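Text of the file structure_11.cif, holding mmCIF, C-alpha atoms:
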data_target
#
loop_
_atom_site.group_PDB
_atom_site.id
_atom_site.type_symbol
_atom_site.label_atom_id
_atom_site.label_comp_id
_atom_site.auth_asym_id
_atom_site.auth_seq_id
_atom_site.Cartn_x
_atom_site.Cartn_y
_atom_site.Cartn_z
ATOM 1 C CA MET A 1435 -10.938 1.427 -12.457
ATOM 2 C CA GLY A 1436 -7.479 1.991 -10.933
ATOM 3 C CA PHE A 1437 -5.894 5.142 -9.550
ATOM 4 C CA ASP A 1438 -5.563 6.778 -12.988
ATOM 5 C CA GLY A 1439 -9.253 6.376 -13.807
ATOM 6 C CA LEU A 1440 -10.254 7.486 -10.310
ATOM 7 C CA SER A 1441 -7.945 10.489 -10.657
ATOM 8 C CA LYS A 1442 -9.653 11.581 -13.892
ATOM 9 C CA ARG A 1443 -13.133 11.222 -12.353
ATOM 10 C CA THR A 1444 -12.335 13.034 -9.076
ATOM 11 C CA GLY A 1445 -9.740 15.587 -10.172
ATOM 12 C CA ILE A 1446 -7.345 14.399 -7.442
ATOM 13 C CA PRO A 1447 -3.792 13.487 -8.557
ATOM 14 C CA PRO A 1448 -3.095 9.712 -8.521
ATOM 15 C CA LYS A 1449 -0.174 10.002 -6.072
ATOM 16 C CA SER A 1450 -2.383 11.909 -3.625
ATOM 17 C CA LEU A 1451 -5.028 9.182 -3.949
ATOM 18 C CA MET A 1452 -2.423 6.518 -3.201
ATOM 19 C CA ARG A 1453 -1.176 8.428 -0.138
ATOM 20 C CA MET A 1454 -4.617 9.168 1.307
ATOM 21 C CA LEU A 1455 -5.888 5.606 0.777
ATOM 22 C CA GLY A 1456 -2.684 3.993 2.064
ATOM 23 C CA PRO A 1457 -2.228 2.532 5.555
ATOM 24 C CA ALA A 1458 -1.126 5.857 7.084
ATOM 25 C CA GLY A 1459 -3.558 7.935 4.991
ATOM 26 C CA ASN A 1460 -6.060 10.361 6.460
ATOM 27 C CA PRO A 1461 -8.344 11.631 3.673
ATOM 28 C CA GLN A 1462 -10.441 14.754 4.131
ATOM 29 C CA ALA A 1463 -14.199 14.231 4.042
ATOM 30 C CA SER A 1464 -14.509 16.132 0.747
ATOM 31 C CA ASN A 1465 -11.918 13.890 -0.942
ATOM 32 C CA LEU A 1466 -13.451 10.740 0.501
ATOM 33 C CA LEU A 1467 -16.930 11.742 -0.689
ATOM 34 C CA ALA A 1468 -15.547 12.532 -4.164
ATOM 35 C CA ILE A 1469 -13.980 9.054 -4.310
ATOM 36 C CA ILE A 1470 -17.177 7.367 -3.121
ATOM 37 C CA GLY A 1471 -19.212 9.383 -5.641
ATOM 38 C CA ALA A 1472 -16.925 8.405 -8.522
ATOM 39 C CA LEU A 1473 -17.009 4.721 -7.538
ATOM 40 C CA ARG A 1474 -20.787 4.875 -7.120
ATOM 41 C CA ARG A 1475 -21.291 6.408 -10.589
ATOM 42 C CA ASP A 1476 -18.889 3.938 -12.194
ATOM 43 C CA ALA A 1477 -20.515 0.868 -10.594
ATOM 44 C CA GLY A 1478 -24.099 2.172 -10.842
ATOM 45 C CA ILE A 1479 -24.735 1.781 -7.109
ATOM 46 C CA GLU A 1480 -27.206 3.836 -5.076
ATOM 47 C CA LEU A 1481 -26.328 4.691 -1.480
ATOM 48 C CA HIS A 1482 -28.944 5.486 1.142
ATOM 49 C CA ILE A 1483 -28.603 6.794 4.680
ATOM 50 C CA VAL A 1484 -30.686 4.810 7.139
ATOM 51 C CA ASP A 1485 -31.654 5.783 10.677
ATOM 52 C CA ALA A 1486 -30.009 3.102 12.819
ATOM 53 C CA LYS A 1487 -32.599 3.504 15.590
ATOM 54 C CA LYS A 1488 -35.452 2.602 13.250
ATOM 55 C CA GLU A 1489 -33.662 -0.340 11.670
ATOM 56 C CA THR A 1490 -34.387 -3.629 13.345
ATOM 57 C CA ARG A 1491 -31.417 -5.888 13.755
ATOM 58 C CA PRO A 1492 -31.756 -9.647 13.948
ATOM 59 C CA LYS A 1493 -31.440 -10.820 17.527
ATOM 60 C CA ARG A 1494 -28.301 -12.701 18.386
ATOM 61 C CA PRO A 1495 -28.720 -16.156 19.900
ATOM 62 C CA LYS A 1496 -28.170 -16.290 23.635
ATOM 63 C CA ARG A 1497 -24.790 -17.554 24.703
ATOM 64 C CA ALA A 1498 -24.454 -20.516 27.012
ATOM 65 C CA ARG A 1499 -23.596 -19.504 30.545
ATOM 66 C CA VAL A 1500 -20.284 -20.606 31.941
ATOM 67 C CA ALA A 1501 -19.942 -21.329 35.632
ATOM 68 C CA SER A 1502 -17.920 -18.699 37.433
ATOM 69 C CA ALA A 1503 -14.890 -19.629 39.500
ATOM 70 C CA LYS A 1504 -16.876 -18.887 42.670
ATOM 71 C CA ALA A 1505 -19.523 -21.444 41.713
ATOM 72 C CA ILE A 1506 -16.994 -24.281 41.338
ATOM 73 C CA ARG A 1507 -16.514 -26.238 44.536
ATOM 74 C CA TYR A 1508 -13.183 -27.872 45.103
ATOM 75 C CA PRO A 1509 -12.853 -30.924 47.350
ATOM 76 C CA THR A 1510 -11.374 -30.182 50.734
ATOM 77 C CA ALA A 1511 -8.084 -31.732 51.643
ATOM 78 C CA THR A 1512 -8.191 -34.708 53.976
ATOM 79 C CA HIS A 1513 -6.191 -34.955 57.155
ATOM 80 C CA GLU A 1514 -3.750 -37.344 55.464
ATOM 81 C CA ALA A 1515 -3.171 -34.963 52.547
ATOM 82 C CA ARG A 1516 -2.638 -32.057 54.906
ATOM 83 C CA ALA A 1517 -0.078 -34.027 56.885
ATOM 84 C CA GLY A 1518 2.056 -34.383 53.753
ATOM 85 C CA PHE A 1519 2.184 -30.595 53.290
ATOM 86 C CA GLU A 1520 2.692 -29.548 56.871
ATOM 87 C CA GLU A 1521 6.105 -28.489 57.997
ATOM 88 C CA PRO A 1522 7.180 -27.668 61.489
ATOM 89 C CA GLY A 1523 6.049 -24.124 62.288
ATOM 90 C CA ARG A 1524 3.917 -23.787 59.104
ATOM 91 C CA LYS A 1525 0.280 -24.622 58.568
ATOM 92 C CA PHE A 1526 -1.341 -25.934 55.432
ATOM 93 C CA ARG A 1527 -3.317 -23.339 53.461
ATOM 94 C CA ARG A 1528 -5.446 -23.891 50.445
#
Whole structure given in structure tokens:
Amino acid sequence: MGFDGLSKRTGIPPKSLMRMLGPAGNPQASNLLAIIGALRRDAGIELHIVDAKKETRPKRPKRARVASAKAIRYPTATHEARAGFEEPGRKFRR
């Protein structure tokens, strides 16, 4: 329908529509509802408010569990490997 057609149906100037629907726009609830009403009438769509608590959502599939870092066991260093890291006065730490 475009901004001109929407302007005629809502009574809001086209430049105001462009500003309020732009990236930095912040439309008032009354203007937003007027726009939604005009689009609804033009497209022939019915909108219904549904209680989210009564609606049943499809259950999401369970995700596979990933082992935590604590559950992973690293091999301990052997005496020979430690000897390569040791320096006089310092001890090897993992």
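The two atoms in question, CA of Lys1442 in chain A and CA of Gly1478 in chain A, are spaced 17.5 Å apart.
When CA of Ile1470 in chain A is paired with CA of Thr1444 in chain A, their separation reads 9.5 Å.
The coordinates place CA of Leu1455 in chain A at 10.2 Å from CA of Ile1469 in chain A.
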Query raised in the report: Using only C-alpha atoms, which residues sit within 12 Å of Met1435 in chain A once same-chain residues fewer than 3 positions away are excluded, as a list in words?
Result: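 Once the nearby chain positions are removed, what remains is Asp1438, Gly1439, Leu1440, Ser1441, Lys1442, Arg1443, Ile1469, Ala1472, Leu1473, Arg1474, Arg1475, Asp1476 and Ala1477 of chain A.
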Query raised in the report: Do you know which residues the PyMOL selection byres ((chain A and resi 1451) around 9) returns on this file, as a list of chain:residue names?
Result: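 So the PyMOL selection byres ((chain A and resi 1451) around 9), applied here, picks out A:Phe1437, A:Leu1440, A:Ser1441, A:Ile1446, A:Pro1447, A:Pro1448, A:Lys1449, A:Ser1450, A:Met1452, A:Arg1453, A:Met1454, A:Leu1455, A:Gly1456, A:Pro1461, A:Asn1465, A:Ile1469.
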Go ahead and dump the residues you just picked, C-alpha atoms, as a tab-separated table (two decimals), in the coordinates of the input.
chain	number	residue	atom	x	y	z
A	1437	PHE	CA	-5.89	5.14	-9.55
A	1440	LEU	CA	-10.25	7.49	-10.31
A	1441	SER	CA	-7.94	10.49	-10.66
A	1446	ILE	CA	-7.34	14.40	-7.44
A	1447	PRO	CA	-3.79	13.49	-8.56
A	1448	PRO	CA	-3.10	9.71	-8.52
A	1449	LYS	CA	-0.17	10.00	-6.07
A	1450	SER	CA	-2.38	11.91	-3.62
A	1452	MET	CA	-2.42	6.52	-3.20
A	1453	ARG	CA	-1.18	8.43	-0.14
A	1454	MET	CA	-4.62	9.17	1.31
A	1455	LEU	CA	-5.89	5.61	0.78
A	1456	GLY	CA	-2.68	3.99	2.06
A	1461	PRO	CA	-8.34	11.63	3.67
A	1465	ASN	CA	-11.92	13.89	-0.94
A	1469	ILE	CA	-13.98	9.05	-4.31
For range 1436-1444 of chain A, what centre and edge lengths in Å (one decimal) does the axis-aligned box get once 5 Å is added on each side of all its listed atoms, as JSON?
{"center_x": -9.3, "center_y": 7.5, "center_z": -11.5, "size_x": 17.6, "size_y": 21.0, "size_z": 14.8}
